[in-house]
Every structure is written in C-alpha cells, then in structure tokens.
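Listing of query_9.csv, CSV, C-alpha atoms
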chain,number,residue,atom,x,y,z
L,125,MET,CA,0.8,3.1,-1.6
L,126,PRO,CA,2.9,3.8,1.5
L,127,GLU,CA,2.8,7.5,2.5
L,128,GLY,CA,5.5,9.7,3.9
L,129,PRO,CA,5.5,8.4,7.5
L,130,SER,CA,5.9,4.8,6.2
L,131,VAL,CA,8.7,5.6,3.8
L,132,LYS,CA,10.5,7.5,6.6
L,133,SER,CA,10.2,4.4,8.8
L,134,PHE,CA,11.6,2.3,5.9
L,135,GLN,CA,14.6,4.7,5.8
L,136,LEU,CA,15.2,4.3,9.5
L,137,LEU,CA,15.1,0.6,9.0
L,138,THR,CA,17.9,0.7,6.4
L,139,ALA,CA,20.0,3.3,8.3
L,140,PRO,CA,21.9,0.7,10.5
L,141,PHE,CA,23.2,-1.0,7.3
L,142,VAL,CA,24.9,2.2,6.0
L,143,GLY,CA,28.6,1.5,5.9
L,144,GLN,CA,28.2,-2.3,5.3
L,145,VAL,CA,29.4,-4.1,2.2
L,146,VAL,CA,26.9,-6.0,0.0
L,147,ALA,CA,28.0,-9.7,-0.2
L,148,LYS,CA,25.1,-11.0,-2.3
L,149,VAL,CA,22.2,-9.7,-4.4
L,150,GLY,CA,19.0,-11.6,-4.9
L,151,GLY,CA,15.3,-11.0,-5.8
L,152,SER,CA,13.0,-11.0,-8.8
L,153,SER,CA,13.7,-7.6,-10.1
L,154,ARG,CA,14.7,-7.4,-13.8
L,155,GLN,CA,16.2,-3.9,-13.3
L,156,ARG,CA,19.6,-4.0,-15.1
L,157,ASN,CA,22.9,-4.0,-13.3
L,158,LEU,CA,21.5,-4.7,-9.9
L,159,LYS,CA,24.0,-7.6,-9.6
L,160,ASP,CA,26.7,-5.0,-9.8
L,161,LEU,CA,25.8,-4.0,-6.3
L,162,LYS,CA,27.8,-7.0,-5.0
L,163,ALA,CA,31.0,-5.9,-3.3
L,164,THR,CA,29.8,-2.3,-3.1
L,165,ARG,CA,29.3,-0.4,0.2
L,166,LEU,CA,25.9,1.1,1.2
L,167,GLN,CA,27.0,4.7,1.6
L,168,ASP,CA,23.8,6.6,2.4
L,169,SER,CA,20.1,6.2,3.0
L,170,GLN,CA,17.6,9.1,2.4
L,171,ALA,CA,13.8,9.5,2.2
L,172,SER,CA,11.9,12.2,0.5
L,173,GLY,CA,8.1,12.1,0.3
L,174,LYS,CA,7.1,8.7,-1.0
L,175,ASN,CA,10.5,7.7,-2.3
L,176,LEU,CA,13.5,6.0,-0.7
L,177,PHE,CA,17.0,6.6,-2.0
L,178,LEU,CA,20.0,4.3,-1.3
L,179,ALA,CA,23.6,5.2,-2.4
L,180,PHE,CA,26.2,2.6,-3.2
L,181,GLY,CA,30.0,3.2,-3.7
L,182,ALA,CA,33.2,1.3,-3.9
L,183,ALA,CA,33.9,-0.8,-0.8
L,184,LEU,CA,37.3,0.9,-0.4
L,185,GLU,CA,36.0,4.4,-0.3
L,186,ALA,CA,36.7,6.3,2.9
L,187,TRP,CA,33.5,7.4,4.5
L,188,THR,CA,33.9,6.7,8.3
L,189,MET,CA,34.3,9.3,11.0
L,190,GLY,CA,36.2,8.6,14.1
L,191,GLY,CA,36.9,5.0,13.1
L,192,SER,CA,33.2,4.0,13.3
L,193,PRO,CA,30.5,4.0,10.6
L,194,SER,CA,28.4,7.1,10.4
L,195,PRO,CA,25.1,7.0,8.5
L,196,GLY,CA,24.5,9.6,5.8
L,197,PRO,CA,22.4,12.7,6.3
L,198,VAL,CA,18.7,12.3,7.0
L,199,GLU,CA,16.0,14.7,7.9
L,200,GLU,CA,14.8,13.1,11.2
L,201,GLU,CA,15.8,14.3,14.6
L,202,PRO,CA,18.4,12.1,16.4
L,203,THR,CA,15.8,11.0,18.9
L,204,ILE,CA,13.7,9.5,16.1
L,205,GLN,CA,16.6,8.1,14.1
L,206,GLY,CA,17.9,6.4,17.2
L,207,LYS,CA,14.8,4.2,17.2
L,208,ALA,CA,16.0,2.2,14.2
L,209,ASP,CA,16.8,-1.4,15.3
L,210,ARG,CA,19.4,-3.7,14.0
L,211,GLY,CA,17.3,-6.7,14.9
L,212,ALA,CA,14.7,-8.5,12.9
L,213,CYS,CA,11.8,-6.3,12.3
L,214,SER,CA,9.3,-5.3,9.6
L,215,LEU,CA,7.4,-2.2,8.6
L,216,THR,CA,4.5,-2.7,6.2
L,217,LEU,CA,1.5,-0.8,5.1
L,218,ALA,CA,-1.5,-2.0,3.1
L,219,GLN,CA,-2.9,1.0,1.2
L,220,GLU,CA,-4.1,1.9,-2.3
L,221,GLY,CA,-1.5,1.6,-5.0
L,222,GLN,CA,-1.3,1.9,-8.7
L,223,GLU,CA,2.2,1.1,-9.8
L,224,GLU,CA,3.6,-2.3,-8.9
L,225,ASP,CA,5.8,-3.5,-11.8
L,226,VAL,CA,9.5,-2.9,-11.8
L,227,ALA,CA,10.5,0.0,-14.0
L,228,GLN,CA,13.3,-0.2,-16.5
L,229,LEU,CA,15.2,3.1,-16.5
L,230,SER,CA,18.7,3.8,-17.8
L,231,PRO,CA,21.1,5.9,-15.6
L,232,GLU,CA,21.6,9.4,-16.8
L,233,GLU,CA,24.9,9.9,-18.5
L,234,HIS,CA,26.4,12.6,-16.3
L,235,SER,CA,28.2,11.9,-13.0
L,236,VAL,CA,27.4,13.3,-9.6
L,237,GLN,CA,29.9,14.5,-7.1
L,238,ARG,CA,28.8,14.4,-3.4
L,239,LYS,CA,29.8,17.3,-1.1
L,240,GLN,CA,30.9,16.6,2.4
L,241,GLU,CA,27.9,16.4,4.8
L,242,MET,CA,27.8,15.7,8.5
L,243,GLY,CA,31.5,15.2,8.8
L,244,CYS,CA,31.6,12.2,6.5
L,245,SER,CA,34.4,11.8,4.0
L,246,VAL,CA,32.8,11.7,0.5
L,247,PRO,CA,34.9,10.7,-2.5
L,248,ASP,CA,35.1,13.0,-5.6
L,249,ALA,CA,36.9,12.8,-8.9
L,250,SER,CA,40.2,13.8,-7.2
L,251,ASP,CA,40.3,11.2,-4.4
L,252,ALA,CA,38.4,8.3,-5.8
L,253,ALA,CA,39.7,8.1,-9.4
L,254,GLY,CA,36.5,9.5,-10.7
L,255,ASP,CA,34.2,7.1,-8.9
L,256,THR,CA,30.8,8.4,-7.8
L,257,TRP,CA,28.0,6.9,-5.8
L,258,LYS,CA,25.3,5.0,-7.6
L,259,TRP,CA,21.8,5.8,-6.4
L,260,LEU,CA,18.7,3.6,-6.4
L,261,ARG,CA,15.3,5.1,-6.0
L,262,PHE,CA,12.5,2.9,-4.5
L,263,HIS,CA,8.9,3.7,-5.1
L,264,PHE,CA,6.6,1.4,-3.2
L,265,GLY,CA,3.3,0.0,-4.5
L,266,LEU,CA,0.4,-1.8,-2.9
L,267,TYR,CA,1.6,-3.6,0.2
L,268,GLY,CA,5.1,-2.3,-0.4
L,269,SER,CA,7.4,-2.9,2.5
L,270,ILE,CA,11.0,-3.4,3.7
L,271,ARG,CA,12.1,-6.1,6.1
L,272,ALA,CA,15.4,-6.4,7.9
L,273,ASN,CA,16.9,-9.8,8.7
L,274,GLU,CA,13.7,-11.7,7.9
L,275,PHE,CA,11.4,-12.6,5.0
L,276,SER,CA,7.7,-11.9,4.7
L,277,ARG,CA,5.5,-14.9,5.2
L,278,ALA,CA,2.0,-15.6,3.8
L,279,ASN,CA,-0.6,-14.8,6.4
L,280,LYS,CA,-3.5,-16.1,4.3
L,281,ALA,CA,-4.2,-18.1,1.2
L,282,ASN,CA,-4.3,-16.5,-2.2
L,283,LYS,CA,-7.3,-16.7,-4.6
L,284,ARG,CA,-6.2,-20.1,-5.7
L,285,GLY,CA,-6.1,-21.4,-2.1
L,286,ASP,CA,-2.3,-21.5,-2.1
L,287,TRP,CA,-0.2,-20.4,0.8
L,288,LYS,CA,2.7,-18.7,-1.1
L,289,ASP,CA,5.1,-16.3,0.5
L,290,PRO,CA,5.5,-12.9,-1.2
L,291,VAL,CA,8.4,-12.8,-3.7
L,292,PRO,CA,10.9,-10.0,-2.9
L,293,ARG,CA,11.9,-7.6,-5.6
L,294,LEU,CA,15.3,-7.2,-4.1
L,295,VAL,CA,17.4,-8.8,-1.4
L,296,LEU,CA,20.7,-7.3,-0.2
L,297,HIS,CA,22.9,-9.6,1.9
L,298,PHE,CA,25.6,-7.8,3.8
L,299,ASP,CA,29.0,-9.0,5.0
L,300,SER,CA,27.9,-8.5,8.5
L,301,GLY,CA,25.4,-11.4,8.1
L,302,GLY,CA,22.3,-9.1,8.0
L,303,PHE,CA,20.1,-8.5,5.0
L,304,LEU,CA,17.4,-6.2,3.7
L,305,VAL,CA,14.4,-7.4,1.7
L,306,PHE,CA,12.3,-5.1,-0.5
L,307,TYR,CA,8.8,-6.0,-1.5
L,308,ASN,CA,6.4,-4.6,-4.2
L,309,CYS,CA,8.4,-1.6,-5.3
L,310,GLN,CA,9.6,0.0,-8.4
L,311,ILE,CA,13.4,0.3,-8.7
L,312,HIS,CA,15.1,3.1,-10.7
L,313,TRP,CA,18.7,4.0,-11.1
L,314,CYS,CA,19.3,7.8,-10.6
L,315,THR,CA,22.3,10.0,-10.4
L,316,SER,CA,21.3,11.7,-7.1
L,317,PRO,CA,18.3,11.8,-4.8
L,318,ALA,CA,15.5,14.1,-5.7
L,319,VAL,CA,15.1,15.6,-2.3
L,320,GLU,CA,13.0,18.7,-1.8
L,321,PRO,CA,12.9,19.4,2.0
L,322,ALA,CA,10.7,22.5,1.5
L,323,SER,CA,7.8,20.4,0.3
L,324,ASP,CA,8.4,17.4,2.5
L,325,ILE,CA,5.7,17.4,5.3
L,326,LEU,CA,8.1,15.5,7.6
L,327,SER,CA,11.1,17.7,7.0
L,328,PRO,CA,12.2,20.3,9.5
L,329,LYS,CA,12.7,22.5,6.5
L,330,PHE,CA,9.1,22.2,5.3
L,331,HIS,CA,8.1,25.6,3.9
L,332,ARG,CA,4.7,26.6,5.4
L,333,GLY,CA,4.5,29.8,3.4
L,334,GLN,CA,4.8,27.8,0.1
L,335,ALA,CA,2.2,25.3,1.3
L,336,LEU,CA,-0.3,28.0,2.3
L,337,ALA,CA,0.1,29.7,-1.0
L,338,ALA,CA,-0.7,26.4,-2.8
L,339,LEU,CA,-3.7,25.8,-0.6
L,340,ARG,CA,-5.1,29.3,-1.4
L,341,GLN,CA,-5.5,28.4,-5.1
L,342,PRO,CA,-9.0,28.3,-6.6
L,343,THR,CA,-8.9,24.5,-6.7
L,344,SER,CA,-10.6,21.9,-4.7
L,345,ILE,CA,-8.7,21.4,-1.6
L,346,CYS,CA,-8.5,17.7,-1.9
L,347,TYR,CA,-6.7,18.0,-5.2
L,348,THR,CA,-4.1,20.4,-3.8
L,349,LEU,CA,-3.3,18.2,-0.8
L,350,LEU,CA,-2.2,15.4,-3.0
L,351,ASP,CA,0.0,17.6,-5.2
L,352,GLN,CA,3.5,16.2,-4.4
L,353,ARG,CA,5.1,19.5,-5.5
L,354,TYR,CA,3.8,21.1,-2.3
L,355,PHE,CA,3.0,18.2,0.0
L,356,SER,CA,5.6,15.5,-0.7
L,357,GLY,CA,4.6,12.4,1.2
L,358,LEU,CA,1.0,13.3,1.8
L,359,GLY,CA,-1.3,10.6,0.5
L,360,ASN,CA,-4.9,9.6,0.5
L,361,ILE,CA,-5.1,8.5,4.1
L,362,ILE,CA,-3.5,11.7,5.5
L,363,LYS,CA,-5.7,13.8,3.1
L,364,ASN,CA,-9.0,12.3,4.4
L,365,GLU,CA,-8.0,12.4,8.0
L,366,ILE,CA,-6.8,16.0,8.2
L,367,LEU,CA,-9.7,17.3,6.2
L,368,TYR,CA,-12.0,15.7,8.8
L,369,LEU,CA,-9.9,17.0,11.7
L,370,ALA,CA,-10.0,20.6,10.2
L,371,ARG,CA,-13.8,20.2,9.4
L,372,ILE,CA,-13.3,21.0,5.7
L,373,HIS,CA,-15.3,19.5,2.9
L,374,PRO,CA,-12.9,17.8,0.3
L,375,LEU,CA,-14.3,19.8,-2.6
L,376,SER,CA,-14.1,23.2,-0.9
L,377,GLN,CA,-12.3,25.8,-3.1
L,378,GLY,CA,-9.0,26.8,-1.4
L,379,SER,CA,-9.4,30.4,-2.5
L,380,LEU,CA,-12.7,30.6,-0.6
L,381,LEU,CA,-11.5,29.3,2.7
L,382,ALA,CA,-10.5,31.5,5.5
L,383,LEU,CA,-6.7,31.8,6.1
L,384,SER,CA,-7.3,30.5,9.7
L,385,ALA,CA,-9.0,27.4,8.3
L,386,LEU,CA,-6.0,26.8,5.9
L,387,GLU,CA,-3.5,27.3,8.7
L,388,SER,CA,-5.5,24.8,10.8
L,389,LEU,CA,-5.4,22.3,8.0
L,390,LEU,CA,-1.7,22.7,7.6
L,391,ASP,CA,-1.1,22.3,11.3
L,392,HIS,CA,-3.1,19.0,11.2
L,393,ALA,CA,-1.1,17.8,8.2
L,394,VAL,CA,2.2,18.2,9.9
L,395,GLN,CA,1.0,17.0,13.3
L,396,PHE,CA,-0.9,13.9,12.0
L,397,SER,CA,2.1,12.9,9.8
L,398,THR,CA,4.5,13.3,12.7
L,399,ASP,CA,2.3,11.4,15.1
L,400,TRP,CA,1.9,8.6,12.5
L,401,LEU,CA,5.6,8.2,12.2
L,402,HIS,CA,6.1,8.0,15.9
L,403,LYS,CA,3.4,5.4,16.2
L,404,LYS,CA,5.0,3.3,13.5
L,405,LEU,CA,8.4,3.5,15.3
L,406,ALA,CA,6.7,2.5,18.5
L,407,GLY,CA,5.0,-0.5,16.8
L,408,LYS,CA,1.5,1.0,17.3
L,409,GLY,CA,-1.3,1.0,14.8
L,410,LEU,CA,-3.1,4.0,13.4
L,411,HIS,CA,-6.7,4.6,14.4
L,412,TYR,CA,-8.7,6.3,11.5
L,413,GLN,CA,-11.3,8.9,12.2
L,414,ILE,CA,-12.9,9.0,8.8
L,415,TYR,CA,-10.9,6.9,6.3
L,416,LEU,CA,-12.8,3.7,5.3
L,417,LYS,CA,-15.4,4.5,8.0
L,418,GLU,CA,-19.2,4.2,7.7
L,419,LYS,CA,-19.7,6.6,10.6
L,420,CYS,CA,-17.6,9.5,11.9
L,421,PRO,CA,-16.6,9.6,15.6
L,422,LEU,CA,-19.8,11.5,16.4
L,423,GLY,CA,-22.0,8.8,14.9
L,424,HIS,CA,-22.9,10.7,11.7
L,425,LYS,CA,-23.1,8.8,8.4
L,426,VAL,CA,-20.0,9.1,6.2
L,427,MET,CA,-20.2,9.9,2.5
L,428,GLN,CA,-17.8,8.5,-0.1
L,429,GLY,CA,-16.9,9.8,-3.5
L,430,THR,CA,-14.1,9.7,-6.1
L,431,PHE,CA,-12.6,13.1,-6.9
L,432,GLY,CA,-9.6,14.3,-8.9
L,433,PRO,CA,-8.5,16.8,-11.5
L,434,GLN,CA,-9.9,16.3,-15.0
L,435,ASP,CA,-6.6,15.3,-16.4
L,436,GLY,CA,-5.3,13.5,-13.3
L,437,PHE,CA,-5.8,10.5,-11.0
L,438,LYS,CA,-9.2,10.2,-9.2
L,439,ARG,CA,-8.9,9.2,-5.5
L,440,LEU,CA,-11.5,8.1,-3.0
L,441,SER,CA,-12.6,10.6,-0.4
L,442,TRP,CA,-14.6,10.0,2.8
L,443,TRP,CA,-16.3,12.9,4.6
L,444,CYS,CA,-19.0,13.7,7.1
L,445,PRO,CA,-21.7,16.1,5.6
L,446,GLN,CA,-22.5,17.3,9.2
L,447,CYS,CA,-18.9,17.8,10.5
L,448,GLN,CA,-17.6,19.0,7.1
L,449,PRO,CA,-20.5,21.0,5.7
L,450,ARG,CA,-20.6,22.5,2.2
L,451,SER,CA,-20.7,26.0,3.5
L,452,VAL,CA,-17.4,27.6,4.4
L,453,ILE,CA,-16.6,30.7,6.4
L,454,LYS,CA,-14.3,33.3,4.9
L,455,LYS,CA,-13.3,36.6,6.5
L,456,GLY,CA,-16.2,39.0,6.1
L,457,GLY,CA,-19.1,36.5,6.1
L,458,ASP,CA,-20.5,33.2,5.0
L,459,VAL,CA,-19.6,31.8,1.5
L,460,PHE,CA,-21.5,28.9,0.1
L,461,VAL,CA,-19.7,26.5,-2.2
L,462,THR,CA,-21.8,25.1,-5.0
L,463,LEU,CA,-21.6,21.3,-5.1
L,464,PRO,CA,-23.6,18.6,-6.7
L,465,SER,CA,-26.7,17.7,-4.6
L,466,HIS,CA,-25.5,14.2,-3.8
L,467,TYR,CA,-22.4,15.6,-2.1
Would you write out, as structure tokens, the structure that this file holds?
Amino acid sequence: MPEGPSVKSFQLLTAPFVGQVVAKVGGSSRQRNLKDLKATRLQDSQASGKNLFLAFGAALEAWTMGGSPSPGPVEEEPTIQGKADRGACSLTLAQEGQEEDVAQLSPEEHSVQRKQEMGCSVPDASDAAGDTWKWLRFHFGLYGSIRANEFSRANKANKRGDWKDPVPRLVLHFDSGGFLVFYNCQIHWCTSPAVEPASDILSPKFHRGQALAALRQPTSICYTLLDQRYFSGLGNIIKNEILYLARIHPLSQGSLLALSALESLLDHAVQFSTDWLHKKLAGKGLHYQIYLKEKCPLGHKVMQGTFGPQDGFKRLSWWCPQCQPRSVIKKGGDVFVTLPSHY
C-alpha cells in the first residue's frame, strides 16, 4: 500500500481544491451518505502517516482569509506545498496491499468543534448553528491513487484479455470544473483526523526521542520499524531500504544495537522518506538499493524472507548477508545475534 511520502503527495494534490464546492459525487463506493457531499465545501486536507483526511462543511461557512481561499493546516513546508499543481496530474504507487474493499463505518455520535488555525475562520456551535465539519478518512490499498482532472486508463490487458479502465471508488466534481478521482481505497467517516505529528516521519514535529526509545526495545528491528505508533507512514519499502543503508540485519534485536547504529537508522528513515517525497513531487522515480533486488549495489546476492510478530502481519524482507551481517556491534564489544542458519 502507498507509504507516507505517497500519501503526502496525495494530500498536496487535493490542496488546491480546498475552498471549492462539490457539484457532483460519483464512484463505486457503497459508503453511506457520500451523496450528501454534494453542495458542501471542501474545507481542509490533511495527511498523517498512511491516511488522508478531507473535511467538508456547509458551502456558506466562512473560511476565507483576505478574500481568497486559504487551504487548511498541513505539515509540509511552504516550498513543498507550493509544488501542488492545479492542472491534470496523477500520483500512483504500486506496492503491496492487503485491504482493498470499501469499509462501512458509522460516524461517531459526538460532534467536533474546530479551533482556529492559520488565520482561517472556522465555524463552531455559536456561529454556524451547530454545524461541524464532516471528515472522510482514506486508506489506500494496492495500486491506490488519486488523480486530479483526469481518469486513470488501462495500460495493459487484465487476466481475461480485456482492456478495462480502473473503476474509481469516489469522484468529486467541483463547481470550478475540476475534479478529484480516488482509486482503490477504503473510505471511512470520522469526526476528526487522527493526526499524531510526533510519530509521523515526515512531520517537522516528529519525536526522535520517542522513536529511539521504541527502536531500543528487545524486539526484531524490522518489526518495530513497521509499528505505526512510532513510525507513522513508514512501510515495507522504506523499512528494507533504510536497514540496508544503515547496514543492519532485519532480525537484529534493537536492545543489542549500539545507540549510534540506531541513530543512524533513524537519520536514514527521515532522510529517505523526505527524499522520496521530493522525487515524487518532481515526477522522478525511486531507485531501490535492496527492495525487490537479486543483488545489492555491491554485487552481493540478496536474501529474502518473511518476518513478523507472532500475532501480527508477516512482511517480506530483503537483505544482504555481507552488507548486513548477523553480528552487531554494541558499546563495549561484539555481540552476536542468534539467527536461524538459513538467514
């Protein structure tokens, strides 16, 4: 499924539509009440980890600043956010995914009042007759994507030999004439965005101390990296790539690794994710070092295995036994991690 950098790029794609009114709703989603989005205004767009959040409110709600639309608060720097384009463009990512069907969730029964942020006038119970924004959460599955002002077209025949274009889950047409198309995603109603900047690897508020403490647990490092409580947005591609860059075996116990090694791993996680986002915004592809490879950049044979917690998901790992040896160095001497012989 799309990882943090891809979802951030999706958010930037939706940002220019903030402030516009929905004129028509389409798509194959069976999520209830989506048709009610018609005649509402897209009030905000936020991304957190692997989730995208869109807020909708009454079209008459005051939300502008200085007479011109102002998008809601996001975590990106202005230089990055400014790269979002109003023209036809698409951002897609083909990765592993497990959840593809639309979920049916009821809205929670309590209302949410938005505080004023970034100078935008936000309605509350006193100035909007009790209206509150309605939030949609998007969680993207395999080949999940968003397109602006264009539809996805088939680039190859399916298993039956048919050339059928992908069916969008949701299409939002706006009064400006533009539209957003959402593919292969779960759609949930929620009362507010579940945003945790401290755990978001692309957020300026990412908490390194909290992340380091998580990495120092007596757990295989590849399990911890995929724990969204500490590394929101970090997925299997980032996991494999940064472990190779830091020269750490995926099954190394975090508690046995030197602090310097963990700090290096954390540096790679933030830098790799940021670089990936910038490449996506520039329309450039990502060159893998180890993910899906048969040989590492140094020409060594790459191993592959499926690892995961006993009660959790198992994910594929790629590593180089020579570049990422089973022995790890901890302050005070060499520590050897006991692993199965075929690893």
Nearby residues (all atoms listed in the file) at most 6 Å from range 136-151 of chain L, same-chain spacing under 6 positions excluded, as an mmCIF file with C-alpha atoms, in the coordinates of the input:
data_model
loop_
_atom_site.group_PDB
_atom_site.id
_atom_site.type_symbol
_atom_site.label_atom_id
_atom_site.label_comp_id
_atom_site.auth_asym_id
_atom_site.auth_seq_id
_atom_site.Cartn_x
_atom_site.Cartn_y
_atom_site.Cartn_z
ATOM 1 C CA LYS L 159 24.000 -7.600 -9.600
ATOM 2 C CA LYS L 162 27.800 -7.000 -5.000
ATOM 3 C CA ALA L 163 31.000 -5.900 -3.300
ATOM 4 C CA THR L 164 29.800 -2.300 -3.100
ATOM 5 C CA ARG L 165 29.300 -0.400 0.200
ATOM 6 C CA LEU L 166 25.900 1.100 1.200
ATOM 7 C CA GLN L 167 27.000 4.700 1.600
ATOM 8 C CA ASP L 168 23.800 6.600 2.400
ATOM 9 C CA PRO L 193 30.500 4.000 10.600
ATOM 10 C CA PRO L 195 25.100 7.000 8.500
ATOM 11 C CA ALA L 208 16.000 2.200 14.200
ATOM 12 C CA PRO L 292 10.900 -10.000 -2.900
ATOM 13 C CA ARG L 293 11.900 -7.600 -5.600
ATOM 14 C CA LEU L 294 15.300 -7.200 -4.100
ATOM 15 C CA VAL L 295 17.400 -8.800 -1.400
ATOM 16 C CA LEU L 296 20.700 -7.300 -0.200
ATOM 17 C CA HIS L 297 22.900 -9.600 1.900
ATOM 18 C CA PHE L 298 25.600 -7.800 3.800
ATOM 19 C CA ASP L 299 29.000 -9.000 5.000
#
- Query: Pro290 in chain L: which residues within 12 Å, counting all atoms listed in the file, same-chain residues fewer than 4 positions away excluded, as a count of residues only?
  - Reply: 20
- Neighbour list for Gly423 in chain L as number ranges by chain, cut-off 12 Å, all atoms listed in the file, skip fewer than 6 positions in-chain: L: 413-414, 417, 444-447
- Query: In Å to one decimal, how far is CA of Leu389 in chain L from CA of Pro449 in chain L?
  - Reply: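 Atom-to-atom, CA of Pro449 in chain L to CA of Leu389 in chain L, that is 15.3 Å.
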- Contacts of Thr398 in chain L within 12 Å, only C-alpha atoms, excl. fewer than 5 positions in-chain, as a VMD selection string: chain L and resid 127 to 130 132 to 133 200 to 201 204 324 to 328 357 to 358 362 391 to 393 403 to 405
Filtering to C-alpha atoms, could you give me those residues as a PDB file, in the frame of the given file?
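For reference, selection32.pdb as written:
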ATOM      1  CA  GLU L 127       2.800   7.500   2.500  1.00  0.00           C
ATOM      2  CA  GLY L 128       5.500   9.700   3.900  1.00  0.00           C
ATOM      3  CA  PRO L 129       5.500   8.400   7.500  1.00  0.00           C
ATOM      4  CA  SER L 130       5.900   4.800   6.200  1.00  0.00           C
ATOM      5  CA  LYS L 132      10.500   7.500   6.600  1.00  0.00           C
ATOM      6  CA  SER L 133      10.200   4.400   8.800  1.00  0.00           C
ATOM      7  CA  GLU L 200      14.800  13.100  11.200  1.00  0.00           C
ATOM      8  CA  GLU L 201      15.800  14.300  14.600  1.00  0.00           C
ATOM      9  CA  ILE L 204      13.700   9.500  16.100  1.00  0.00           C
ATOM     10  CA  ASP L 324       8.400  17.400   2.500  1.00  0.00           C
ATOM     11  CA  ILE L 325       5.700  17.400   5.300  1.00  0.00           C
ATOM     12  CA  LEU L 326       8.100  15.500   7.600  1.00  0.00           C
ATOM     13  CA  SER L 327      11.100  17.700   7.000  1.00  0.00           C
ATOM     14  CA  PRO L 328      12.200  20.300   9.500  1.00  0.00           C
ATOM     15  CA  GLY L 357       4.600  12.400   1.200  1.00  0.00           C
ATOM     16  CA  LEU L 358       1.000  13.300   1.800  1.00  0.00           C
ATOM     17  CA  ILE L 362      -3.500  11.700   5.500  1.00  0.00           C
ATOM     18  CA  ASP L 391      -1.100  22.300  11.300  1.00  0.00           C
ATOM     19  CA  HIS L 392      -3.100  19.000  11.200  1.00  0.00           C
ATOM     20  CA  ALA L 393      -1.100  17.800   8.200  1.00  0.00           C
ATOM     21  CA  LYS L 403       3.400   5.400  16.200  1.00  0.00           C
ATOM     22  CA  LYS L 404       5.000   3.300  13.500  1.00  0.00           C
ATOM     23  CA  LEU L 405       8.400   3.500  15.300  1.00  0.00           C
TER      24      LEU L 405
END
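Counting all atoms listed in the file and comparing L:Ile311, L:Ala322, L:Leu383, L:Ala406, the residue that lies closest to Arg156 in chain L is L:Ile311.
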- Between CA of Trp400 in chain L and CA of Gln377 in chain L - distance in Å to one decimal: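 Interatomic distance here is 27.2 Å.
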- Measure the distance from CA of Phe264 in chain L to CA of Lys174 in chain L in Å and round it to one decimal. 7.6 Å
- Item | Using all atoms listed in the file: which of L:Ala182, L:Cys346, L:Leu336, L:Leu176 has the shortest distance to His263 in chain L |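 For His263 in chain L, the nearest of the given residues is L:Leu176.
Closest approach to Trp313 in chain L among L:Phe355, L:Phe330, L:Phe180, L:Tyr415 is made by L:Phe180 (distances from only C-alpha atoms).
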- Hey, what's within 12 Å of Pro374 in chain L if we count all atoms listed in the file and toss same-chain stuff fewer than 6 positions away? As a PyMOL selection string, please? chain L and resi 343-350+360+363-368+381+389+427-432+439-445+447-452+461+463+467
- Which is closest to His411 in chain L among L:Phe396, L:Phe134, L:Trp259, L:Phe437, if we use all atoms listed in the file?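 Once distances to His411 in chain L are computed over all atoms listed in the file, the minimum belongs to L:Phe396.
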